[in-house]
Structures are given as structure tokens and as C-alpha cells.
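Here is the file coords29.pdb (PDB, C-alpha atoms).
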MODEL        1
ATOM      1  CA  MET A   1      68.036  76.774 177.605
ATOM      2  CA  ALA A   2      66.158  78.758 180.231
ATOM      3  CA  GLY A   3      65.595  76.442 183.161
ATOM      4  CA  ASP A   4      64.818  72.871 182.233
ATOM      5  CA  LEU A   5      61.946  73.517 179.815
ATOM      6  CA  ASP A   6      62.118  71.735 176.497
ATOM      7  CA  LEU A   7      60.978  73.187 173.167
ATOM      8  CA  SER A   8      57.450  71.772 173.355
ATOM      9  CA  GLN A   9      56.966  73.274 176.831
ATOM     10  CA  PHE A  10      58.054  76.691 175.558
ATOM     11  CA  GLN A  11      55.621  76.333 172.681
ATOM     12  CA  LEU A  12      52.771  75.426 175.025
ATOM     13  CA  LEU A  13      53.608  78.419 177.215
ATOM     14  CA  SER A  14      53.732  80.714 174.173
ATOM     15  CA  ASP A  15      50.311  79.506 173.035
ATOM     16  CA  ALA A  16      48.845  79.855 176.535
ATOM     17  CA  LEU A  17      50.299  83.339 176.896
ATOM     18  CA  GLY A  18      48.803  84.321 173.544
ATOM     19  CA  GLY A  19      45.443  83.029 174.759
ATOM     20  CA  GLU A  20      45.621  85.050 177.975
ATOM     21  CA  PHE A  21      46.596  88.212 176.089
ATOM     22  CA  ALA A  22      43.719  87.580 173.655
ATOM     23  CA  ARG A  23      41.227  87.194 176.508
ATOM     24  CA  ARG A  24      42.276  90.533 177.961
ATOM     25  CA  ILE A  25      42.381  92.292 174.587
ATOM     26  CA  ASN A  26      38.887  91.040 173.715
ATOM     27  CA  ALA A  27      37.587  92.423 177.024
ATOM     28  CA  ALA A  28      39.101  95.884 176.442
ATOM     29  CA  LYS A  29      36.905  98.896 175.806
ATOM     30  CA  GLY A  30      37.668 101.458 173.125
ATOM     31  CA  PRO A  31      39.854 101.321 170.038
ATOM     32  CA  LEU A  32      43.098  99.433 170.159
ATOM     33  CA  ARG A  33      45.682  97.734 168.012
ATOM     34  CA  VAL A  34      48.305  95.177 168.974
ATOM     35  CA  LEU A  35      51.869  95.444 167.669
ATOM     36  CA  VAL A  36      53.895  92.235 167.975
ATOM     37  CA  PRO A  37      57.704  92.555 167.730
ATOM     38  CA  LEU A  38      58.707  89.248 166.121
ATOM     39  CA  GLU A  39      62.439  89.784 166.721
ATOM     40  CA  GLY A  40      62.114  89.670 170.514
ATOM     41  CA  PHE A  41      60.166  90.931 173.504
ATOM     42  CA  SER A  42      62.933  91.952 175.900
ATOM     43  CA  GLU A  43      66.572  93.018 175.979
ATOM     44  CA  HIS A  44      67.821  89.610 177.082
ATOM     45  CA  THR A  45      66.646  88.044 173.801
ATOM     46  CA  LYS A  46      69.547  89.852 172.105
ATOM     47  CA  ARG A  47      72.014  87.946 174.296
ATOM     48  CA  ARG A  48      73.242  84.391 174.717
ATOM     49  CA  ALA A  49      71.948  82.241 177.561
ATOM     50  CA  GLN A  50      74.293  80.646 180.082
ATOM     51  CA  ASP A  51      73.714  77.963 182.658
ATOM     52  CA  ILE A  52      74.524  78.449 186.345
ATOM     53  CA  ASP A  53      78.149  77.463 185.735
ATOM     54  CA  GLY A  54      78.549  80.114 183.026
ATOM     55  CA  ASN A  55      78.523  77.667 180.118
ATOM     56  CA  ASP A  56      77.077  78.948 176.852
ATOM     57  CA  ARG A  57      73.647  77.437 176.206
ATOM     58  CA  ALA A  58      72.436  79.251 173.045
ATOM     59  CA  MET A  59      70.613  82.401 172.063
ATOM     60  CA  TRP A  60      67.670  83.533 174.179
ATOM     61  CA  LYS A  61      65.922  84.570 170.985
ATOM     62  CA  ARG A  62      63.176  82.042 170.196
ATOM     63  CA  PRO A  63      61.491  83.064 166.917
ATOM     64  CA  GLU A  64      59.485  79.840 166.741
ATOM     65  CA  ASP A  65      57.856  80.710 170.079
ATOM     66  CA  TYR A  66      57.218  84.305 169.023
ATOM     67  CA  ARG A  67      55.440  82.919 165.944
ATOM     68  CA  ILE A  68      53.289  80.625 168.114
ATOM     69  CA  PHE A  69      52.406  83.573 170.361
ATOM     70  CA  ALA A  70      51.488  85.779 167.374
ATOM     71  CA  ASP A  71      49.444  83.010 165.735
ATOM     72  CA  SER A  72      47.613  82.386 169.010
ATOM     73  CA  LEU A  73      46.753  86.079 169.219
ATOM     74  CA  LYS A  74      45.578  86.260 165.609
ATOM     75  CA  LYS A  75      43.438  83.164 166.063
ATOM     76  CA  GLN A  76      41.759  84.345 169.268
ATOM     77  CA  VAL A  77      41.591  88.155 169.164
ATOM     78  CA  LYS A  78      38.235  89.261 167.787
ATOM     79  CA  THR A  79      38.213  92.951 168.707
ATOM     80  CA  ALA A  80      41.525  94.395 167.502
ATOM     81  CA  ARG A  81      43.907  94.448 164.593
ATOM     82  CA  ILE A  82      47.158  92.530 165.111
ATOM     83  CA  ASP A  83      50.236  93.936 163.350
ATOM     84  CA  GLU A  84      53.352  91.762 163.237
ATOM     85  CA  LEU A  85      56.593  93.705 162.870
ATOM     86  CA  MET A  86      59.981  92.166 162.093
ATOM     87  CA  LEU A  87      61.523  94.335 164.803
ATOM     88  CA  HIS A  88      62.780  93.929 168.358
ATOM     89  CA  VAL A  89      60.736  95.571 171.107
ATOM     90  CA  ASN A  90      63.716  97.853 171.903
ATOM     91  CA  ASP A  91      64.326  98.955 168.296
ATOM     92  CA  ILE A  92      63.763 102.630 167.597
ATOM     93  CA  GLN A  93      61.619 101.651 164.621
ATOM     94  CA  PHE A  94      59.313  99.679 166.919
ATOM     95  CA  ALA A  95      58.929 102.689 169.203
ATOM     96  CA  ASP A  96      58.139 104.812 166.143
ATOM     97  CA  ALA A  97      55.509 102.290 165.026
ATOM     98  CA  CYS A  98      53.919 102.410 168.501
ATOM     99  CA  VAL A  99      53.759 106.203 168.443
ATOM    100  CA  ASP A 100      52.405 106.274 164.890
ATOM    101  CA  THR A 101      49.734 103.738 165.833
ATOM    102  CA  PHE A 102      48.756 105.699 168.933
ATOM    103  CA  VAL A 103      48.449 108.927 166.926
ATOM    104  CA  GLU A 104      46.339 107.163 164.281
ATOM    105  CA  ILE A 105      43.986 105.739 166.906
ATOM    106  CA  ALA A 106      43.797 109.013 168.858
ATOM    107  CA  LYS A 107      42.628 110.892 165.740
ATOM    108  CA  ARG A 108      39.483 108.772 165.469
TER     109      ARG A 108
ENDMDL
END

Translate this file's structure into C-alpha cells.
Amino acid sequence: MAGDLDLSQFQLLSDALGGEFARRINAAKGPLRVLVPLEGFSEHTKRRAQDIDGNDRAMWKRPEDYRIFADSLKKQVKTARIDELMLHVNDIQFADACVDTFVEIAKR
């Protein structure tokens, strides 16, 4: 897969990333909500990974790591609501959910 990281290393990175996001979210001022797209965080997760020689390595999509990230957030965020959406970050429905959430928060 990507580089030479094995599954457990990806999981550790996902948990650490969730912890760093949580630290920053907890320090934020004002109302906020976090929307987590559980189907992928970037366009490349819709594609297949290849090694340097062009050999197929597998899908970039790593739902088990996205789950670890989301669980890490939910466990550590104390100041915001976490909404998990079974959408990809580039889905129109995810963009709509972001706008709807912003409008809801802005009305407060």
C-alpha cells in the first residue's frame, strides 16, 4: 500500500491524527460541529494504488482507518458534536451537509 507502512502503522497514525484534531477542536472558540466523511477524505481514495513500477497494489480507500480516526475524535472531543456521514468528502451530499450545518450554526 502507500509507502511501506503496514496496517497497524496506519491505524496508529489514524488514532494520532484523531487526537491532534481533537486537541485543536477542543481549543476552538465559538460554536462548531465536525462532519466526518467515512467513505474517504480525498479524491485519491476513490482510486487504486500502484507501486513505483505501476503494479496494482489495492484500493486507497481504508475504511478501517477512517473508523479509527472517527472513534478517536469521538473519544477525545469534548466541545463539539461529531457527525459521521457515510459519504465521500467530494460527494455533493457531503457539501450539502456542510452548508446545512453552517447555516444551522450561523442562526444561533

Selection in question (the file shown): the PyMOL selection byres ((chain A and resi 21-38) around 7). Which residues does it include, as a ChimeraX atom specification?
/A:17-20,39-41,63,66,70,73,76-89,105

Find the spatial neighbours of Asn90 in chain A, counting all atoms listed in the file, within a cut-off of 8 Å - ignore same-chain residues fewer than 4 positions away - and output them as a ChimeraX atom specification.
/A:41-43,94-95

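Using the PyMOL selection byres ((chain A and resi 65) around 10) on this structure selects Leu7, Ser8, Phe10, Gln11, Leu12, Leu13, Ser14, Asp15, Leu38, Gly40, Lys61, Arg62, Pro63, Glu64, Tyr66, Arg67, Ile68, Phe69, Ala70 and Asp71 of chain A.
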
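Computed from the coordinates, the CA of Ile52 in chain A to CA of Ala16 in chain A distance equals 27.5 Å.
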
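Taking CA of Gln9 in chain A and CA of Asp91 in chain A as the two end points, the separation is 28.0 Å.
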
Would you compute, for all listed atoms of range 104-108 of chain A, the axis-aligned bounding box grown by 8 Å on each side, and then report its centre and edge lengths in Å rounded to one decimal, as JSON?
{"center_x": 42.9, "center_y": 108.3, "center_z": 166.6, "size_x": 22.9, "size_y": 21.2, "size_z": 20.6}

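Reported to one decimal place, the separation of CA of Phe102 in chain A from CA of Lys74 in chain A is 20.0 Å.
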